[in-house]
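These notes concern the structure reproduced below.
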Amino acid sequence: MGRPDRSSGTAGANLYREDPNLRFAVARALPPEQLAAAEPLLDALGEAAGGEIDRLATTADRNPPVLRPYDRRGERVDEIVHHPAYRELERLAFGRFALASGTHRPVLKYALTYLFAQAEFGVLCPVNMTDSLARVLRRFGSPGLRDRYLPRLTAVDPGRLWQGAMFLTERSGGSDAGAIATAACPVRPGEPVPDGLAADVPLWRLSGAKWFCSNVDAELVLVLARPEGAGPGTRGLGLFLVPRHLPDGELNGCRIERLKDKFGTRDMATGEVTLDGALAHQVGDLGRGFVQMAVMINASRLSNAVRSAGMMRRAYFESLEHARISEAFGRRLIDLPLQRRVLMEMLLDVEGAVAAVFETAGVFERADAGDEGAATLARILTPLLKAMVTKRARHTTGEAMEARGGNGYVEEWANPRLVRDAHLGSIWEGTTNIVRLDVLRAMSRDGAHLPLLDRLTGVALPPHAPLGRLLERAVGDLRSRCAEVLARSGPGRELALPRLVPALFHLVAATCLAEEAAHQLAAGGGGRKLVVAAAYAARWLGGGEDPLDAPDVVALLEPLERWDRLPVSAVDVVPLP
Ligand SMILES: Cc1cc2nc3c(=O)[nH]c(=O)nc-3n(C[C@H](O)[C@H](O)[C@H](O)COP(=O)(O)OP(=O)(O)OC[C@H]3O[C@@H](n4cnc5c(N)ncnc54)[C@H](O)[C@@H]3O)c2cc1C
């Protein structure tokens with residue numbers, strides 16, 4: 001069978017079937033019977049993501065939502081009018097592929113998210129927030145709140161589904177949650193409340209202004225607010241659940257002031273909201289609002305890393321297919337050494353990100369099952385991945401834009417949307433600096449780097465002494481560097497983070513790739529992953545020659561892409577120190 005016609009980019013490709021690396025990662029992560037059950041769904045989503053979802057996303061991106069504040073009788077309705085293409089994307093994400101509620105196994109959920117994000121990023125914000133809100137309610141909600149709202153949050157029928165959102169950020173800032181000024185007053189005894197709203201937890205009234213509210217017309221919103229009389233900072237924050245409508249259908253004291261005109265995620269509505277005495281249920285312990293909210297934020301941070309990895313893969317796939325069919329100077333682009341190097345860099349970045357993401361998904365799964373060691377690992381892996389995968393996604397999508405030449409800058413191709421959407425990952429849910437500081441907190445308060453480094457030394461490595469030595473040396477170096485940074489006082493501690501965080505991430509990614517290599521070799525699959533692991537490790541941990549300077553390494557791009565069964569000796573071309 002000949003190669004498909006890729007003159008229109010990767011449109012029409014099955015993004016699952018044509019991604020051997022994803023299939024490898026999923027097959028490794030899921031037990032055989034679960035894999036067999038999951039494959040039809042992954043395959044169907046791969047098909048839809050390369051076709052229908054991609055087309056809908058292009059249309060929805062060009063037709064952003066608008067706010068209709070009043071109906072024709074002048075009644076305040078605050079309706080968000082979405083293009084039908086976005087509504088269809090919602091049906092596909094929440095309904096057909098049940099991304100929010102279909103499975104609580106992070107590995108499968110993230111594999112599906114990775115595929116969906118290659119075509120559409122915007123709607124994945126509501127998906128993730130709905131899923132994360134359900135997670136918070138399961139963990140901290142009272143039985144009454146759970147019974148009332150979980151069936152709505154997990155519904156796949158669009159008529160029954162209530163989506164979730166979280167409104168934290170205020171005009172004074174998003175990173176500094178301790179400055180949140182939205183006030184919460186308890187509903188006084190005897191104060192009338194609408195029938196059917198009261199539950200088994202106290203009701204409050206919230207007042208304040210929220211500055212960035214994505215999925216702004218969600219039916220259920222988690223809000224951080226300061227209860228009357230509570231102290232300053234994050235310790236004084238409570239967590240509240242605000243239904244957008246009261247049981248009689250009236251708006252619940254939430255006014256959407258306007259929508260943001262955004263650089264990316266243009267099809268998903270982000271607005272500014274005034275809470276004007278909105279009735280709210282208390283969630284969990286009043287004095288632990290911020291800590292409870294962190295459950296939602298951490299799940300969202302990891303999901304952001306997964307989505308960014310998906311966008312990196314799409315960007316790489318677009319570049320690869322373009323380079324295979326386009327020519328300059330009488331040669332295919334893929335045959336030009338410098339262009340091949342660009343592609344090889346993308347391949348390494350994508351496979352490193354995927355390996356780290358699936359490792360962390362497994363850790364999350366074990367943490368959810370009550371494994372405390374896994375919870376400590378998740379504590380540091382989550383901000384590490386959020387900081388680094390989102391940042392590499394900016395780089396990879398930018399490179400992919402250039403790899404298509406001038407056409408990459410033109411809106412008829414997927415590239416501009418990928419660049420725009422990829423830039424958001426490192427801003428929301430904590431900017432890069434904020435998650436770097438969270439890595440530092442995970443180290444200083446929880447000592448989470450120690451079990452992480454122990455875990456990285458305890459893995460089954462492929463039988464390749466130079467790679468083993470390099471990884472071992474990197475673990476030793478990082479042990480000393482972490483200790484040295486923690487011993488610092490003053491600004492020097494934070495100033496170490498822009499180099500320490502990438503070093504930790506690349507060590508995680510390189511080790512995960514090495515584990516994949518060991519698995520592939522043991523399964524008789526040859527040395528392909530060994531080459532990738534060695535090149536990744538040499539590039540980011542080697543401290544010497546960049547393996548991508550070596551013509552013999554860059555020459556391996558196509559065999560690696562075809563997933564040829566390479567002999568173990570293929571790794572010898574990688575210059576390892
Ligand atoms: C499209 C979009 C959608 C959003 N949706 C939501 C939403 O649904 N709900 C919600 O609550 N928020 C939402 N946000 C807000 C987002 O989470 C914040 O914008 C983000 O957390 C950054 O906060 P900020 O904008 O206040 O920037 P600031 O906190 O003012 O940060 C400005 C700069 O200062 C740096 N900085 C801040 N503090 C430190 C520090 N201690 N050390 C070093 N550097 C620091 C930051 O890294 C950043 O570069 C959204 C934002 C966008 C762009």
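Chain labels follow the order of the structure tokens: the first chain is A, the next B, and so on; residue numbering restarts at 1 in every chain, and ligands are counted from 1 in their shown order.
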
### Query
Could you pull the residues within 7 Å of Ser426 (chain A), counting only C-alpha atoms, minus those fewer than 5 positions along the same chain, as a ChimeraX atom specification?
/A:387,390-391,431-432

Per residue of chain A within 7 Å of ligand 1, what are the shortest atom pair and its distance in Å to one decimal, counting only C-alpha atoms and all ligand atoms, with rows by chain and residue number, as a Markdown table?
```
| residue | atom | partner | partner_atom_place_in_ligand_line | distance |
| --- | --- | --- | --- | --- |
| A:Ala165 | CA | ligand 1 | 8 (O) | 6.3 |
| A:Met166 | CA | ligand 1 | 9 (N) | 5.1 |
| A:Phe167 | CA | ligand 1 | 11 (O) | 4.2 |
| A:Leu168 | CA | ligand 1 | 11 (O) | 3.4 |
| A:Thr169 | CA | ligand 1 | 11 (O) | 3.9 |
| A:Arg171 | CA | ligand 1 | 26 (O) | 7.0 |
| A:Ser172 | CA | ligand 1 | 26 (O) | 6.6 |
| A:Gly173 | CA | ligand 1 | 26 (O) | 3.2 |
| A:Gly174 | CA | ligand 1 | 26 (O) | 3.4 |
| A:Ser175 | CA | ligand 1 | 29 (O) | 3.8 |
| A:Asp176 | CA | ligand 1 | 29 (O) | 5.9 |
| A:Phe212 | CA | ligand 1 | 13 (C) | 4.4 |
| A:Cys213 | CA | ligand 1 | 8 (O) | 3.9 |
| A:Ser214 | CA | ligand 1 | 8 (O) | 3.5 |
| A:Asn215 | CA | ligand 1 | 8 (O) | 6.7 |
| A:Lys262 | CA | ligand 1 | 1 (C) | 6.3 |
| A:Thr265 | CA | ligand 1 | 1 (C) | 6.8 |
| A:Thr270 | CA | ligand 1 | 3 (C) | 5.9 |
| A:Leu424 | CA | ligand 1 | 53 (C) | 6.3 |
| A:Ile427 | CA | ligand 1 | 20 (C) | 5.5 |
| A:Trp428 | CA | ligand 1 | 17 (O) | 3.8 |
| A:Glu429 | CA | ligand 1 | 17 (O) | 4.7 |
| A:Gly430 | CA | ligand 1 | 21 (O) | 4.4 |
| A:Thr431 | CA | ligand 1 | 47 (O) | 4.7 |
| A:Thr432 | CA | ligand 1 | 47 (O) | 5.7 |
| A:Asn433 | CA | ligand 1 | 47 (O) | 4.4 |
| A:Ile434 | CA | ligand 1 | 47 (O) | 5.7 |
```

If we count only C-alpha atoms, what is near Pro463 (chain A) at a cut-off of 9 Å, once residues fewer than 3 positions away on the same chain are taken out, given as a short mmCIF file (atom, residue, chain, number, x, y, z; two decimals) with N, CA and C atoms, in the first residue's frame?
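Saved to out.cif:
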```
data_model
loop_
_atom_site.label_atom_id
_atom_site.label_comp_id
_atom_site.auth_asym_id
_atom_site.auth_seq_id
_atom_site.Cartn_x
_atom_site.Cartn_y
_atom_site.Cartn_z
N LEU A 467 25.06 4.25 28.94
CA LEU A 467 23.81 4.93 29.31
C LEU A 467 23.56 4.78 30.82
N GLY A 468 23.79 3.57 31.33
CA GLY A 468 23.61 3.33 32.76
C GLY A 468 24.49 4.26 33.59
N ALA A 518 14.43 -0.78 27.94
CA ALA A 518 14.62 -2.10 28.56
C ALA A 518 13.41 -2.99 28.24
#
```

## Note on the structure
Across A:Leu343, A:Leu576, A:Ala199, A:Ala533, the smallest distance to Leu513 (chain A), with only C-alpha atoms counted, is shown by A:Ala533

### Task
Name the residues of region 274-312 of chain A that come out as strand (DSSP E or B) in a backbone DSSP run; write them as a list in words.
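Assigned to strand (DSSP E or B), within region 274-312 of chain A: Thr274, Leu275, Asp276, Gly277, Ala278, Leu279, Ala280, His281 and Gln282 of chain A.
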
### Query
Counting only C-alpha atoms, what is within 6 Å of region 392-395 of chain A, bar same-chain residues fewer than 5 positions away, as a ChimeraX atom specification?
/A:308,312,422-423

Would you mind exporting all heavy atoms of the selected residues as an mmCIF file, in the first residue's frame?
```cif
data_model
loop_
_atom_site.group_PDB
_atom_site.id
_atom_site.type_symbol
_atom_site.label_atom_id
_atom_site.label_comp_id
_atom_site.auth_asym_id
_atom_site.auth_seq_id
_atom_site.Cartn_x
_atom_site.Cartn_y
_atom_site.Cartn_z
ATOM 1 N N SER A 308 -0.280 19.375 26.398
ATOM 2 C CA SER A 308 0.875 19.972 25.724
ATOM 3 C C SER A 308 1.658 18.905 24.968
ATOM 4 O O SER A 308 2.132 19.146 23.856
ATOM 5 C CB SER A 308 1.786 20.657 26.748
ATOM 6 O OG SER A 308 1.095 21.733 27.336
ATOM 7 N N MET A 312 2.468 18.806 20.994
ATOM 8 C CA MET A 312 3.828 18.602 20.476
ATOM 9 C C MET A 312 3.830 17.499 19.419
ATOM 10 O O MET A 312 4.456 17.604 18.377
ATOM 11 C CB MET A 312 4.775 18.205 21.621
ATOM 12 C CG MET A 312 5.137 19.347 22.533
ATOM 13 S SD MET A 312 5.892 18.780 24.075
ATOM 14 C CE MET A 312 7.529 18.325 23.526
ATOM 15 N N ALA A 422 -0.613 26.370 22.508
ATOM 16 C CA ALA A 422 0.507 25.858 23.309
ATOM 17 C C ALA A 422 1.054 26.932 24.248
ATOM 18 O O ALA A 422 1.617 26.609 25.298
ATOM 19 C CB ALA A 422 1.620 25.342 22.399
ATOM 20 N N HIS A 423 0.883 28.204 23.887
ATOM 21 C CA HIS A 423 1.409 29.252 24.761
ATOM 22 C C HIS A 423 0.628 29.403 26.052
ATOM 23 O O HIS A 423 1.134 29.966 27.017
ATOM 24 C CB HIS A 423 1.490 30.589 24.005
ATOM 25 C CG HIS A 423 2.804 30.748 23.322
ATOM 26 N ND1 HIS A 423 3.182 29.952 22.264
ATOM 27 C CD2 HIS A 423 3.856 31.560 23.578
ATOM 28 C CE1 HIS A 423 4.408 30.282 21.892
ATOM 29 N NE2 HIS A 423 4.834 31.244 22.675
#
```

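Residue nearest Gly249 (chain A) within the list A:Ala414, A:Val123, A:Val77, A:Ala369: A:Val77 [criterion: smallest interatomic distance, only C-alpha atoms].
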
### Query
Using only C-alpha atoms, which residues sit within 7 Å of region 46-53 of chain A once same-chain residues fewer than 3 positions away are excluded, as a ChimeraX atom specification?
/A:11-17,42-43,56-57,89,115-116,118-120

Quick one: write out the picked residues with C-alpha atoms as a PDB file, in the first residue's frame?
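again.pdb, written as the output of this step:
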```pdb
ATOM      1  CA  ALA A  11      -5.759  15.916   7.771  1.00  0.00           C
ATOM      2  CA  GLY A  12      -7.521  12.574   7.478  1.00  0.00           C
ATOM      3  CA  ALA A  13      -4.845  10.609   9.353  1.00  0.00           C
ATOM      4  CA  ASN A  14      -5.813   8.264  12.156  1.00  0.00           C
ATOM      5  CA  LEU A  15      -3.804   9.910  14.930  1.00  0.00           C
ATOM      6  CA  TYR A  16      -3.775   6.736  17.018  1.00  0.00           C
ATOM      7  CA  ARG A  17      -2.955   4.220  14.324  1.00  0.00           C
ATOM      8  CA  LEU A  42      -8.519   4.907  21.061  1.00  0.00           C
ATOM      9  CA  ASP A  43      -8.748   3.957  17.422  1.00  0.00           C
ATOM     10  CA  LEU A  56     -14.833  21.349  13.810  1.00  0.00           C
ATOM     11  CA  ALA A  57     -11.970  22.863  15.803  1.00  0.00           C
ATOM     12  CA  LEU A  89     -16.982  19.402  20.020  1.00  0.00           C
ATOM     13  CA  LEU A 115      -5.258  12.305  21.091  1.00  0.00           C
ATOM     14  CA  PHE A 116      -8.065  14.831  21.414  1.00  0.00           C
ATOM     15  CA  GLN A 118      -3.919  17.102  18.819  1.00  0.00           C
ATOM     16  CA  ALA A 119      -7.020  18.443  17.117  1.00  0.00           C
ATOM     17  CA  GLU A 120      -8.777  20.586  19.725  1.00  0.00           C
TER      18      GLU A 120
END
```

### Counting only C-alpha atoms, the option among A:His449, A:Asp371, A:Thr396, A:Ala225 closest to Ala280 (chain A)
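Nearest to Ala280 (chain A): A:Ala225.
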
### Task
Could you give me, as a list in words, the residues within 8 Å of region 24-34 of chain A, counting only C-alpha atoms and dropping anything in the same chain fewer than 2 positions from it?
Pro20, Asn21, Leu22, Ala36, Ala37, Ala38, Val107, Leu108, Ala111, Val354, Ala355, Phe358 and Gly362 of chain A

Keeping only N, CA, C and O atoms, take the residues you just selected and write them out as a PDB file, in the first residue's frame.
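Result file follows (part-v2.pdb):
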```pdb
ATOM      1  N   PRO A  20       2.958   5.126  16.442  1.00  0.00           N
ATOM      2  CA  PRO A  20       3.441   3.903  17.093  1.00  0.00           C
ATOM      3  C   PRO A  20       3.950   4.154  18.501  1.00  0.00           C
ATOM      4  O   PRO A  20       3.889   3.261  19.356  1.00  0.00           O
ATOM      5  N   ASN A  21       4.440   5.364  18.741  1.00  0.00           N
ATOM      6  CA  ASN A  21       4.965   5.637  20.085  1.00  0.00           C
ATOM      7  C   ASN A  21       3.847   5.652  21.123  1.00  0.00           C
ATOM      8  O   ASN A  21       3.998   5.124  22.224  1.00  0.00           O
ATOM      9  N   LEU A  22       2.698   6.227  20.752  1.00  0.00           N
ATOM     10  CA  LEU A  22       1.572   6.226  21.694  1.00  0.00           C
ATOM     11  C   LEU A  22       1.092   4.787  21.911  1.00  0.00           C
ATOM     12  O   LEU A  22       0.822   4.374  23.038  1.00  0.00           O
ATOM     13  N   ALA A  36      -7.133  -4.375  25.351  1.00  0.00           N
ATOM     14  CA  ALA A  36      -8.058  -4.884  24.317  1.00  0.00           C
ATOM     15  C   ALA A  36      -9.383  -4.126  24.381  1.00  0.00           C
ATOM     16  O   ALA A  36      -9.977  -3.802  23.353  1.00  0.00           O
ATOM     17  N   ALA A  37      -9.821  -3.822  25.606  1.00  0.00           N
ATOM     18  CA  ALA A  37     -11.091  -3.102  25.731  1.00  0.00           C
ATOM     19  C   ALA A  37     -10.946  -1.652  25.291  1.00  0.00           C
ATOM     20  O   ALA A  37     -11.892  -1.058  24.763  1.00  0.00           O
ATOM     21  N   ALA A  38      -9.755  -1.077  25.508  1.00  0.00           N
ATOM     22  CA  ALA A  38      -9.570   0.356  25.233  1.00  0.00           C
ATOM     23  C   ALA A  38      -9.270   0.649  23.767  1.00  0.00           C
ATOM     24  O   ALA A  38      -9.572   1.733  23.270  1.00  0.00           O
ATOM     25  N   VAL A 107      -4.257   6.569  33.131  1.00  0.00           N
ATOM     26  CA  VAL A 107      -3.494   6.195  31.942  1.00  0.00           C
ATOM     27  C   VAL A 107      -4.381   6.277  30.696  1.00  0.00           C
ATOM     28  O   VAL A 107      -4.016   6.896  29.687  1.00  0.00           O
ATOM     29  N   LEU A 108      -5.563   5.681  30.767  1.00  0.00           N
ATOM     30  CA  LEU A 108      -6.443   5.696  29.600  1.00  0.00           C
ATOM     31  C   LEU A 108      -6.994   7.100  29.356  1.00  0.00           C
ATOM     32  O   LEU A 108      -7.064   7.574  28.221  1.00  0.00           O
ATOM     33  N   ALA A 111      -4.368   9.095  27.694  1.00  0.00           N
ATOM     34  CA  ALA A 111      -4.135   8.692  26.297  1.00  0.00           C
ATOM     35  C   ALA A 111      -5.217   9.303  25.406  1.00  0.00           C
ATOM     36  O   ALA A 111      -4.930   9.816  24.317  1.00  0.00           O
ATOM     37  N   VAL A 354       6.178  12.157  26.324  1.00  0.00           N
ATOM     38  CA  VAL A 354       5.197  11.066  26.443  1.00  0.00           C
ATOM     39  C   VAL A 354       5.633  10.069  27.524  1.00  0.00           C
ATOM     40  O   VAL A 354       4.823   9.632  28.352  1.00  0.00           O
ATOM     41  N   ALA A 355       6.912   9.747  27.537  1.00  0.00           N
ATOM     42  CA  ALA A 355       7.391   8.791  28.543  1.00  0.00           C
ATOM     43  C   ALA A 355       7.162   9.335  29.949  1.00  0.00           C
ATOM     44  O   ALA A 355       6.677   8.623  30.845  1.00  0.00           O
ATOM     45  N   PHE A 358       3.261   9.412  30.822  1.00  0.00           N
ATOM     46  CA  PHE A 358       2.635   8.116  31.160  1.00  0.00           C
ATOM     47  C   PHE A 358       3.177   7.551  32.465  1.00  0.00           C
ATOM     48  O   PHE A 358       2.452   6.911  33.219  1.00  0.00           O
ATOM     49  N   GLY A 362       0.690   6.815  35.735  1.00  0.00           N
ATOM     50  CA  GLY A 362       0.717   5.587  36.548  1.00  0.00           C
ATOM     51  C   GLY A 362       0.894   5.911  38.024  1.00  0.00           C
ATOM     52  O   GLY A 362       0.261   5.308  38.900  1.00  0.00           O
TER      53      GLY A 362
END
```

### Message
Using only C-alpha atoms, which protein or nucleic acid residues come within 6 Å of region 228-230 of chain A? Drop anything in the same chain fewer than 6 positions from it, and give the result as a PyMOL selection string.
### Response
chain A and resi 184-185+236

I need the chosen residues saved as a PDB file, in the first residue's frame, with C-alpha atoms.
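Produced file part_9.pdb, reproduced below:
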```pdb
ATOM      1  CA  ALA A 184     -18.188  34.956  51.978  1.00  0.00           C
ATOM      2  CA  CYS A 185     -20.977  35.679  54.491  1.00  0.00           C
ATOM      3  CA  GLY A 236      -8.012  32.334  55.473  1.00  0.00           C
TER       4      GLY A 236
END
```

### Task
Enumerate as a VMD selection string all residues of region 381-520 of chain A assigned to helix (DSSP H, G or I) by DSSP on the backbone, naming them with the chain letters and numbers the document uses.
chain A and resid 381 to 403 405 to 409 415 to 425 432 to 444 449 to 457 465 to 487 491 to 495 497 to 520

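Distance-wise, CA of Arg258 (chain A) and CA of Glu90 (chain A) end up 22.1 Å apart.
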
### Task
Go ahead and compute the interatomic distance for CA of Leu133 (chain A) and CA of Arg96 (chain A), in Å to one decimal.
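Computing the Euclidean distance for CA of Leu133 (chain A) and CA of Arg96 (chain A) yields 20.4 Å.
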
### Query
Which of these residues is nearest to Asp200 (chain A), using only C-alpha atoms: A:Glu18, A:Asp477, A:Glu250, A:Asp147?
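Closest candidate: A:Asp147.
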
Show me a table, sorted first by chain and then by increasing residue number, of the residues of region 368-478 of chain A having an atom at most 9 Å from region 317-328 of chain A, each with its shortest atom pair and the distance in Å to one decimal, counting only C-alpha atoms and written as a Markdown table.
```
| residue | atom | partner | partner_atom | distance |
| --- | --- | --- | --- | --- |
| A:Glu399 | CA | A:Ser319 | CA | 8.7 |
| A:Ala400 | CA | A:Ser319 | CA | 5.5 |
| A:Met401 | CA | A:Ser319 | CA | 8.1 |
| A:Glu402 | CA | A:Ser319 | CA | 8.9 |
| A:Ala403 | CA | A:Ser319 | CA | 5.9 |
| A:Arg404 | CA | A:Ser319 | CA | 6.5 |
| A:Ala414 | CA | A:Glu318 | CA | 8.2 |
| A:Asn415 | CA | A:Glu318 | CA | 8.3 |
```
